[in-house]
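Structure data follow from entry20.cif (mmCIF, C-alpha atoms and all ligand atoms):
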data_final
#
loop_
_atom_site.group_PDB
_atom_site.id
_atom_site.type_symbol
_atom_site.label_atom_id
_atom_site.label_comp_id
_atom_site.auth_asym_id
_atom_site.auth_seq_id
_atom_site.Cartn_x
_atom_site.Cartn_y
_atom_site.Cartn_z
ATOM 1 C CA MET A 1 82.497 25.900 174.093
ATOM 2 C CA PHE A 2 78.709 25.689 173.993
ATOM 3 C CA MET A 3 76.756 27.280 176.785
ATOM 4 C CA ASN A 4 73.533 25.883 178.107
ATOM 5 C CA HIS A 5 72.707 28.737 180.426
ATOM 6 C CA PRO A 6 71.467 32.262 179.746
ATOM 7 C CA ALA A 7 74.141 34.532 178.333
ATOM 8 C CA PRO A 8 75.090 37.776 180.051
ATOM 9 C CA ALA A 9 72.877 40.713 179.080
ATOM 10 C CA ASN A 10 75.237 42.197 176.512
ATOM 11 C CA SER A 11 76.494 39.147 174.669
ATOM 12 C CA ARG A 12 74.510 36.963 172.315
ATOM 13 C CA TYR A 13 73.449 33.496 173.392
ATOM 14 C CA LYS A 14 75.641 30.797 171.847
ATOM 15 C CA PRO A 15 73.378 27.996 170.639
ATOM 16 C CA THR A 16 74.301 24.325 171.072
ATOM 17 C CA CYS A 17 75.270 22.296 168.010
ATOM 18 C CA TYR A 18 71.749 20.825 167.785
ATOM 19 C CA GLU A 19 70.181 24.259 168.105
ATOM 20 C CA HIS A 20 72.385 25.585 165.301
ATOM 21 C CA ALA A 21 71.264 22.708 163.061
ATOM 22 C CA ALA A 22 67.593 23.296 163.943
ATOM 23 C CA ASN A 23 67.973 27.028 163.217
ATOM 24 C CA CYS A 24 69.337 26.237 159.739
ATOM 25 C CA TYR A 25 66.946 23.464 158.728
ATOM 26 C CA THR A 26 63.739 25.174 159.930
ATOM 27 C CA HIS A 27 64.193 27.860 157.287
ATOM 28 C CA ALA A 28 66.290 26.024 154.668
ATOM 29 C CA PHE A 29 63.421 23.610 153.947
ATOM 30 C CA LEU A 30 61.193 26.545 153.046
ATOM 31 C CA ILE A 31 63.371 28.077 150.340
ATOM 32 C CA VAL A 32 62.060 25.832 147.535
ATOM 33 C CA PRO A 33 58.362 26.097 148.554
ATOM 34 C CA ALA A 34 58.796 29.907 148.725
ATOM 35 C CA ILE A 35 60.234 29.992 145.179
ATOM 36 C CA VAL A 36 57.495 27.683 143.833
ATOM 37 C CA GLY A 37 54.780 29.682 145.624
ATOM 38 C CA SER A 38 56.100 32.973 144.262
ATOM 39 C CA ALA A 39 56.251 31.574 140.730
ATOM 40 C CA LEU A 40 52.645 30.398 141.077
ATOM 41 C CA LEU A 41 51.446 33.891 142.027
ATOM 42 C CA HIS A 42 53.346 35.292 139.067
ATOM 43 C CA ARG A 43 51.590 32.799 136.774
ATOM 44 C CA LEU A 44 48.195 33.642 138.188
ATOM 45 C CA SER A 45 48.727 37.380 137.596
ATOM 46 C CA ASP A 46 46.188 38.921 135.230
ATOM 47 C CA ASP A 47 47.883 42.264 134.650
ATOM 48 C CA ARG A 48 51.191 44.082 134.980
ATOM 49 C CA TRP A 49 50.448 45.498 138.410
ATOM 50 C CA GLU A 50 49.648 42.015 139.778
ATOM 51 C CA LYS A 51 52.873 40.716 138.218
ATOM 52 C CA ILE A 52 54.983 43.499 139.782
ATOM 53 C CA THR A 53 53.326 42.858 143.150
ATOM 54 C CA ALA A 54 53.993 39.107 142.805
ATOM 55 C CA TRP A 55 57.661 39.963 142.252
ATOM 56 C CA MET A 56 57.781 42.292 145.283
ATOM 57 C CA TYR A 57 56.125 39.773 147.576
ATOM 58 C CA GLY A 58 57.957 36.779 146.092
ATOM 59 C CA ILE A 59 61.401 38.358 146.423
ATOM 60 C CA GLY A 60 60.662 39.320 150.047
ATOM 61 C CA LEU A 61 59.403 35.822 150.860
ATOM 62 C CA CYS A 62 62.299 33.944 149.226
ATOM 63 C CA ALA A 63 64.941 36.386 150.514
ATOM 64 C CA LEU A 64 63.704 35.982 154.088
ATOM 65 C CA PHE A 65 64.317 32.227 154.102
ATOM 66 C CA ILE A 66 67.535 32.418 152.049
ATOM 67 C CA VAL A 67 69.141 35.186 154.144
ATOM 68 C CA SER A 68 68.056 33.520 157.390
ATOM 69 C CA THR A 69 69.471 30.133 156.295
ATOM 70 C CA VAL A 70 72.779 31.648 155.143
ATOM 71 C CA PHE A 71 73.128 33.640 158.373
ATOM 72 C CA HIS A 72 72.485 30.561 160.524
ATOM 73 C CA ILE A 73 74.959 28.461 158.491
ATOM 74 C CA VAL A 74 77.615 31.181 158.899
ATOM 75 C CA SER A 75 76.877 31.542 162.609
ATOM 76 C CA TRP A 76 77.156 27.739 163.007
ATOM 77 C CA LYS A 77 80.145 26.904 160.813
ATOM 78 C CA LYS A 78 82.013 30.188 160.436
ATOM 79 C CA SER A 79 81.493 31.877 163.799
ATOM 80 C CA HIS A 80 85.274 32.481 164.017
ATOM 81 C CA LEU A 81 84.847 34.955 161.121
ATOM 82 C CA ARG A 82 83.345 37.554 163.449
ATOM 83 C CA THR A 83 82.912 40.388 160.912
ATOM 84 C CA MET A 84 81.277 38.081 158.400
ATOM 85 C CA GLU A 85 78.913 36.704 161.040
ATOM 86 C CA HIS A 86 78.102 40.241 162.183
ATOM 87 C CA CYS A 87 77.276 41.304 158.597
ATOM 88 C CA PHE A 88 74.973 38.348 158.022
ATOM 89 C CA HIS A 89 73.303 38.923 161.381
ATOM 90 C CA MET A 90 72.587 42.514 160.311
ATOM 91 C CA CYS A 91 71.185 41.275 156.968
ATOM 92 C CA ASP A 92 68.991 38.767 158.830
ATOM 93 C CA ARG A 93 67.547 41.572 160.979
ATOM 94 C CA MET A 94 67.157 43.992 158.023
ATOM 95 C CA MET A 95 65.209 41.298 156.192
ATOM 96 C CA ILE A 96 62.517 41.376 158.899
ATOM 97 C CA TYR A 97 61.630 44.975 157.926
ATOM 98 C CA VAL A 98 61.728 44.243 154.197
ATOM 99 C CA PHE A 99 59.666 41.089 154.712
ATOM 100 C CA ILE A 100 56.939 42.928 156.666
ATOM 101 C CA ALA A 101 56.675 45.476 153.817
ATOM 102 C CA ALA A 102 56.637 42.692 151.195
ATOM 103 C CA SER A 103 53.932 40.766 153.088
ATOM 104 C CA TYR A 104 51.619 43.777 153.095
ATOM 105 C CA ALA A 105 52.392 44.809 149.500
ATOM 106 C CA PRO A 106 49.786 42.535 147.823
ATOM 107 C CA TRP A 107 46.996 43.811 150.100
ATOM 108 C CA LEU A 108 48.014 47.450 149.732
ATOM 109 C CA ASN A 109 48.693 47.252 145.985
ATOM 110 C CA LEU A 110 45.811 45.104 144.795
ATOM 111 C CA ARG A 111 42.902 46.196 146.987
ATOM 112 C CA GLU A 112 41.058 49.446 146.584
ATOM 113 C CA LEU A 113 42.077 51.952 149.247
ATOM 114 C CA GLY A 114 40.883 55.420 150.229
ATOM 115 C CA PRO A 115 42.914 58.492 149.106
ATOM 116 C CA LEU A 116 44.679 58.786 152.485
ATOM 117 C CA ALA A 117 45.075 55.056 153.098
ATOM 118 C CA SER A 118 46.648 54.532 149.663
ATOM 119 C CA HIS A 119 49.753 56.425 150.854
ATOM 120 C CA MET A 120 50.605 53.354 152.937
ATOM 121 C CA ARG A 121 51.667 51.707 149.622
ATOM 122 C CA TRP A 122 54.900 53.682 149.590
ATOM 123 C CA PHE A 123 55.073 54.578 153.275
ATOM 124 C CA ILE A 124 55.540 50.918 154.255
ATOM 125 C CA TRP A 125 58.706 50.802 152.096
ATOM 126 C CA LEU A 126 59.904 54.024 153.701
ATOM 127 C CA MET A 127 59.485 52.328 157.086
ATOM 128 C CA ALA A 128 61.412 49.299 155.783
ATOM 129 C CA ALA A 129 64.217 51.604 154.612
ATOM 130 C CA GLY A 130 64.202 53.353 158.003
ATOM 131 C CA GLY A 131 64.409 50.001 159.799
ATOM 132 C CA THR A 132 67.276 48.899 157.544
ATOM 133 C CA ILE A 133 69.228 52.100 158.278
ATOM 134 C CA TYR A 134 68.491 51.679 161.986
ATOM 135 C CA VAL A 135 69.971 48.147 161.944
ATOM 136 C CA PHE A 136 72.998 49.465 160.065
ATOM 137 C CA LEU A 137 73.630 52.172 162.679
ATOM 138 C CA TYR A 138 72.479 50.634 165.959
ATOM 139 C CA HIS A 139 72.439 46.869 165.420
ATOM 140 C CA GLU A 140 71.895 45.039 168.739
ATOM 141 C CA LYS A 141 72.378 48.229 170.785
ATOM 142 C CA TYR A 142 68.819 48.853 171.940
ATOM 143 C CA LYS A 143 66.975 45.565 171.666
ATOM 144 C CA ILE A 144 63.701 46.899 173.068
ATOM 145 C CA VAL A 145 63.659 49.728 170.476
ATOM 146 C CA GLU A 146 64.282 47.122 167.773
ATOM 147 C CA LEU A 147 61.351 45.018 168.977
ATOM 148 C CA PHE A 148 59.155 48.117 169.169
ATOM 149 C CA PHE A 149 60.017 48.968 165.523
ATOM 150 C CA TYR A 150 59.161 45.441 164.353
ATOM 151 C CA LEU A 151 55.800 45.547 166.100
ATOM 152 C CA ALA A 152 55.018 49.145 165.025
ATOM 153 C CA MET A 153 55.785 48.269 161.432
ATOM 154 C CA GLY A 154 53.780 45.068 161.698
ATOM 155 C CA PHE A 155 50.715 46.793 163.103
ATOM 156 C CA SER A 156 50.493 50.230 161.430
ATOM 157 C CA PRO A 157 49.560 48.990 157.909
ATOM 158 C CA ALA A 158 46.910 46.786 159.559
ATOM 159 C CA LEU A 159 45.024 49.983 160.456
ATOM 160 C CA VAL A 160 44.812 50.821 156.746
ATOM 161 C CA VAL A 161 44.075 47.288 155.597
ATOM 162 C CA THR A 162 41.195 46.890 158.044
ATOM 163 C CA SER A 163 39.593 50.064 156.653
ATOM 164 C CA MET A 164 39.233 48.483 153.176
ATOM 165 C CA ASN A 165 35.729 47.954 151.799
ATOM 166 C CA ASN A 166 36.546 44.420 150.763
ATOM 167 C CA THR A 167 37.305 42.521 153.958
ATOM 168 C CA ASP A 168 37.834 39.063 152.401
ATOM 169 C CA GLY A 169 40.988 37.488 153.757
ATOM 170 C CA LEU A 170 41.420 39.850 156.681
ATOM 171 C CA GLN A 171 40.674 37.048 159.119
ATOM 172 C CA GLU A 172 43.611 35.034 157.739
ATOM 173 C CA LEU A 173 45.751 38.170 157.814
ATOM 174 C CA ALA A 174 44.910 38.661 161.505
ATOM 175 C CA TRP A 175 45.588 34.974 162.286
ATOM 176 C CA GLY A 176 48.997 35.244 160.663
ATOM 177 C CA GLY A 177 49.725 38.387 162.662
ATOM 178 C CA LEU A 178 48.718 36.641 165.883
ATOM 179 C CA ILE A 179 51.055 33.717 165.082
ATOM 180 C CA TYR A 180 53.969 36.154 164.490
ATOM 181 C CA CYS A 181 53.232 37.930 167.782
ATOM 182 C CA THR A 182 53.078 34.656 169.731
ATOM 183 C CA GLY A 183 56.376 33.686 168.132
ATOM 184 C CA VAL A 184 58.022 36.840 169.506
ATOM 185 C CA VAL A 185 57.898 35.189 172.979
ATOM 186 C CA PHE A 186 60.340 32.566 171.631
ATOM 187 C CA PHE A 187 62.341 35.157 169.650
ATOM 188 C CA LYS A 188 63.091 36.780 173.007
ATOM 189 C CA SER A 189 63.762 33.508 174.888
ATOM 190 C CA ASP A 190 67.231 32.522 173.631
ATOM 191 C CA GLY A 191 69.008 30.587 176.350
ATOM 192 C CA ILE A 192 65.860 30.383 178.478
ATOM 193 C CA ILE A 193 63.804 27.926 176.403
ATOM 194 C CA PRO A 194 65.781 25.194 174.559
ATOM 195 C CA PHE A 195 65.539 25.559 170.754
ATOM 196 C CA ALA A 196 63.759 28.908 171.251
ATOM 197 C CA HIS A 197 65.112 30.385 168.012
ATOM 198 C CA ALA A 198 64.159 27.339 165.931
ATOM 199 C CA ILE A 199 60.661 27.479 167.467
ATOM 200 C CA TRP A 200 60.517 31.186 166.467
ATOM 201 C CA HIS A 201 61.443 30.107 162.912
ATOM 202 C CA ILE A 202 58.534 27.631 162.894
ATOM 203 C CA PHE A 203 56.154 30.384 164.002
ATOM 204 C CA VAL A 204 57.484 32.630 161.206
ATOM 205 C CA ALA A 205 57.074 29.846 158.638
ATOM 206 C CA THR A 206 53.522 29.058 159.797
ATOM 207 C CA ALA A 207 52.441 32.711 159.801
ATOM 208 C CA ALA A 208 54.050 33.269 156.379
ATOM 209 C CA ALA A 209 52.172 30.201 155.063
ATOM 210 C CA VAL A 210 48.841 31.522 156.401
ATOM 211 C CA HIS A 211 49.514 34.909 154.775
ATOM 212 C CA TYR A 212 50.568 33.278 151.501
ATOM 213 C CA TYR A 213 47.367 31.209 151.462
ATOM 214 C CA ALA A 214 45.249 34.340 151.965
ATOM 215 C CA ILE A 215 47.122 36.236 149.217
ATOM 216 C CA TRP A 216 46.774 33.315 146.793
ATOM 217 C CA LYS A 217 43.092 32.728 147.610
ATOM 218 C CA TYR A 218 41.765 36.282 147.819
ATOM 219 C CA LEU A 219 44.082 38.344 145.639
ATOM 220 C CA TYR A 220 45.375 36.073 142.866
ATOM 221 C CA ARG A 221 43.034 33.147 142.311
ATOM 222 C CA SER A 222 40.523 34.548 139.867
ATOM 223 C CA PRO A 223 36.923 33.265 139.539
ATOM 224 C CA ALA A 224 37.880 31.837 136.127
ATOM 225 C CA ASP A 225 40.509 29.606 137.786
ATOM 226 C CA ILE A 226 37.965 28.307 140.282
ATOM 227 C CA ILE A 227 35.475 27.418 137.513
ATOM 228 C CA ARG A 228 38.250 25.767 135.498
ATOM 229 C CA HIS A 229 39.067 23.497 138.451
ATOM 230 C CA LEU A 230 35.473 22.494 139.209
HETATM 231 ZN ZN ZN B 301 66.872 33.107 162.719
#
Using structure tokens, write down the structure that the file contains.
Amino acid sequence: MFMNHPAPANSRYKPTCYEHAANCYTHAFLIVPAIVGSALLHRLSDDRWEKITAWMYGIGLCALFIVSTVFHIVSWKKSHLRTMEHCFHMCDRMMIYVFIAASYAPWLNLRELGPLASHMRWFIWLMAAGGTIYVFLYHEKYKIVELFFYLAMGFSPALVVTSMNNTDGLQELAWGGLIYCTGVVFFKSDGIIPFAHAIWHIFVATAAAVHYYAIWKYLYRSPADIIRHL
């Protein structure tokens, strides 16, 4: 049975058939562009460190859309396999932490940072590991705490990034962040706004595209490439 009204506080909203389809397609269509985009950054890398960073960011970007698509397919077609659905739902939530760390990695790894600020390079991955363990232990138990962790992890590296000498691309970074934050309204509106989760996916995709553009333009595209294309 599909429900069209808000679910009770403790159970998850059951999307309609159309909502399930929208949840799958909104991220499935981005898997190939994410792979192509990651490969492009890898090609544009001038040294080993840029290559490693392209891998870190690329894996995070591709995994986000792949894990999300697989979870939504399972939740649509295999919802009777409760344990399997639960596992994929946990993976989907863990990916948010890993993806935030991966999105910041190019800025933290490839820009010059102060001695204190440079610690954020590894600390962000520690936060991602902490978030992953939290999901493993308390998945869906304290939703407000979960949201607080997402936002704290999304904002704390921004403090470091904004203290960089080179501020090119920070405007795009902030725009992307604003799009993610606006999307959270829909992330929290399951059962209240029709297709809320699919709309959240579109916000995620748009913000990820803005961030990708900034990373490509300011961190990977070298002056030599620009001259070559003139
Ligand atoms: Zn989703």
Cut-off 9 Å: closest chain A/ligand ZN 301 (chain B) atom pairs per residue, using only C-alpha atoms and all ligand atoms, as CSV:
residue,atom,partner,partner_atom,distance
A:Asn23,CA,B:ZN301,ZN,6.2
A:Cys24,CA,B:ZN301,ZN,7.9
A:Thr26,CA,B:ZN301,ZN,9.0
A:His27,CA,B:ZN301,ZN,8.0
A:Ser68,CA,B:ZN301,ZN,5.5
A:Thr69,CA,B:ZN301,ZN,7.5
A:Phe71,CA,B:ZN301,ZN,7.6
A:His72,CA,B:ZN301,ZN,6.5
A:His89,CA,B:ZN301,ZN,8.8
A:Asp92,CA,B:ZN301,ZN,7.2
A:Arg93,CA,B:ZN301,ZN,8.7
A:Phe187,CA,B:ZN301,ZN,8.5
A:His197,CA,B:ZN301,ZN,6.2
A:Ala198,CA,B:ZN301,ZN,7.1
A:Trp200,CA,B:ZN301,ZN,7.6
A:His201,CA,B:ZN301,ZN,6.2
Quiz item: Quick one: which residues end up in the PyMOL selection byres (((chain A and resi 162) around 12) and not hetatm) for this structure, as a PyMOL selection string?
Solution: chain A and resi 104+107-108+111-114+117+155-161+163-171+173-174
Self-check item: Chain and number of each residue from the PyMOL selection byres (((chain A and resi 134-143) around 12) and not hetatm), as a PyMOL selection string
Solution: chain A and resi 9-12+86-98+127-133+144-150+187-188
Residues of the last selection are to be written out with C-alpha atoms, as a short mmCIF file (atom, residue, chain, number, x, y, z; two decimals), in the coordinates of the input.
data_model
loop_
_atom_site.label_atom_id
_atom_site.label_comp_id
_atom_site.auth_asym_id
_atom_site.auth_seq_id
_atom_site.Cartn_x
_atom_site.Cartn_y
_atom_site.Cartn_z
CA ALA A 9 72.88 40.71 179.08
CA ASN A 10 75.24 42.20 176.51
CA SER A 11 76.49 39.15 174.67
CA ARG A 12 74.51 36.96 172.32
CA HIS A 86 78.10 40.24 162.18
CA CYS A 87 77.28 41.30 158.60
CA PHE A 88 74.97 38.35 158.02
CA HIS A 89 73.30 38.92 161.38
CA MET A 90 72.59 42.51 160.31
CA CYS A 91 71.18 41.28 156.97
CA ASP A 92 68.99 38.77 158.83
CA ARG A 93 67.55 41.57 160.98
CA MET A 94 67.16 43.99 158.02
CA MET A 95 65.21 41.30 156.19
CA ILE A 96 62.52 41.38 158.90
CA TYR A 97 61.63 44.98 157.93
CA VAL A 98 61.73 44.24 154.20
CA MET A 127 59.48 52.33 157.09
CA ALA A 128 61.41 49.30 155.78
CA ALA A 129 64.22 51.60 154.61
CA GLY A 130 64.20 53.35 158.00
CA GLY A 131 64.41 50.00 159.80
CA THR A 132 67.28 48.90 157.54
CA ILE A 133 69.23 52.10 158.28
CA ILE A 144 63.70 46.90 173.07
CA VAL A 145 63.66 49.73 170.48
CA GLU A 146 64.28 47.12 167.77
CA LEU A 147 61.35 45.02 168.98
CA PHE A 148 59.16 48.12 169.17
CA PHE A 149 60.02 48.97 165.52
CA TYR A 150 59.16 45.44 164.35
CA PHE A 187 62.34 35.16 169.65
CA LYS A 188 63.09 36.78 173.01
#
Quiz item: What separation in Å, quoted to one decimal, exists between CA of Ile52 (chain A) and CA of Gly37 (chain A)?
Solution: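 Interatomic distance, CA of Ile52 (chain A) to CA of Gly37 (chain A): 15.0 Å.
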Quiz item: Expanded to explicit residues, what is the PyMOL selection byres (((chain A and resi 33-35) around 9) and not hetatm) for this file, as number ranges by chain?
Solution: A: 29-32, 36-40, 58-59, 61-62, 65
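We find CA of Ile202 (chain A) and CA of Leu219 (chain A) to be spaced 24.9 Å apart.
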Set up a box along x, y and z of the file covering all listed atoms of region 123-142 of chain A, add 5 Å on every one of the six sides, and write the centre and edge lengths in Å to one decimal, as lines of an AutoDock Vina configuration file.
center_x = 64.4
center_y = 49.8
center_z = 162.0
size_x = 28.6
size_y = 19.5
size_z = 29.8
Using all atoms listed in the file, give me every residue within 9 Å of (43.4, 31.2, 155.9) in file coordinates, as a PDB file with C-alpha atoms, in the coordinates of the input.
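out08.pdb, freshly written:
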ATOM      1  CA  GLY A 169      40.988  37.488 153.757  1.00  0.00           C
ATOM      2  CA  LEU A 170      41.420  39.850 156.681  1.00  0.00           C
ATOM      3  CA  GLN A 171      40.674  37.048 159.119  1.00  0.00           C
ATOM      4  CA  GLU A 172      43.611  35.034 157.739  1.00  0.00           C
ATOM      5  CA  LEU A 173      45.751  38.170 157.814  1.00  0.00           C
ATOM      6  CA  TRP A 175      45.588  34.974 162.286  1.00  0.00           C
ATOM      7  CA  GLY A 176      48.997  35.244 160.663  1.00  0.00           C
ATOM      8  CA  ALA A 209      52.172  30.201 155.063  1.00  0.00           C
ATOM      9  CA  VAL A 210      48.841  31.522 156.401  1.00  0.00           C
ATOM     10  CA  HIS A 211      49.514  34.909 154.775  1.00  0.00           C
ATOM     11  CA  TYR A 212      50.568  33.278 151.501  1.00  0.00           C
ATOM     12  CA  TYR A 213      47.367  31.209 151.462  1.00  0.00           C
ATOM     13  CA  ALA A 214      45.249  34.340 151.965  1.00  0.00           C
ATOM     14  CA  LYS A 217      43.092  32.728 147.610  1.00  0.00           C
TER      15      LYS A 217
END
Quiz item: Distance CA of Ala196 (chain A)-CA of Ser75 (chain A), one decimal place?
Solution: 15.9 Å
Exercise. Give as a list in words every residue, naming chains and numbers as the document does, that has an atom within 9 Å of (73.0, 28.2, 170.8), counting all atoms listed in the file.
Key: Phe2, Met3, Asn4, Tyr13, Lys14, Pro15, Thr16, Cys17, Tyr18, Glu19, His20, Trp76, Asp190, Gly191, Pro194, Phe195 and His197 of chain A
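Here the question is which of A:Leu126, A:Val204, A:Leu44, A:Leu178 gets nearest to Ala101 (chain A) using all atoms listed in the file, and that residue is A:Leu126.
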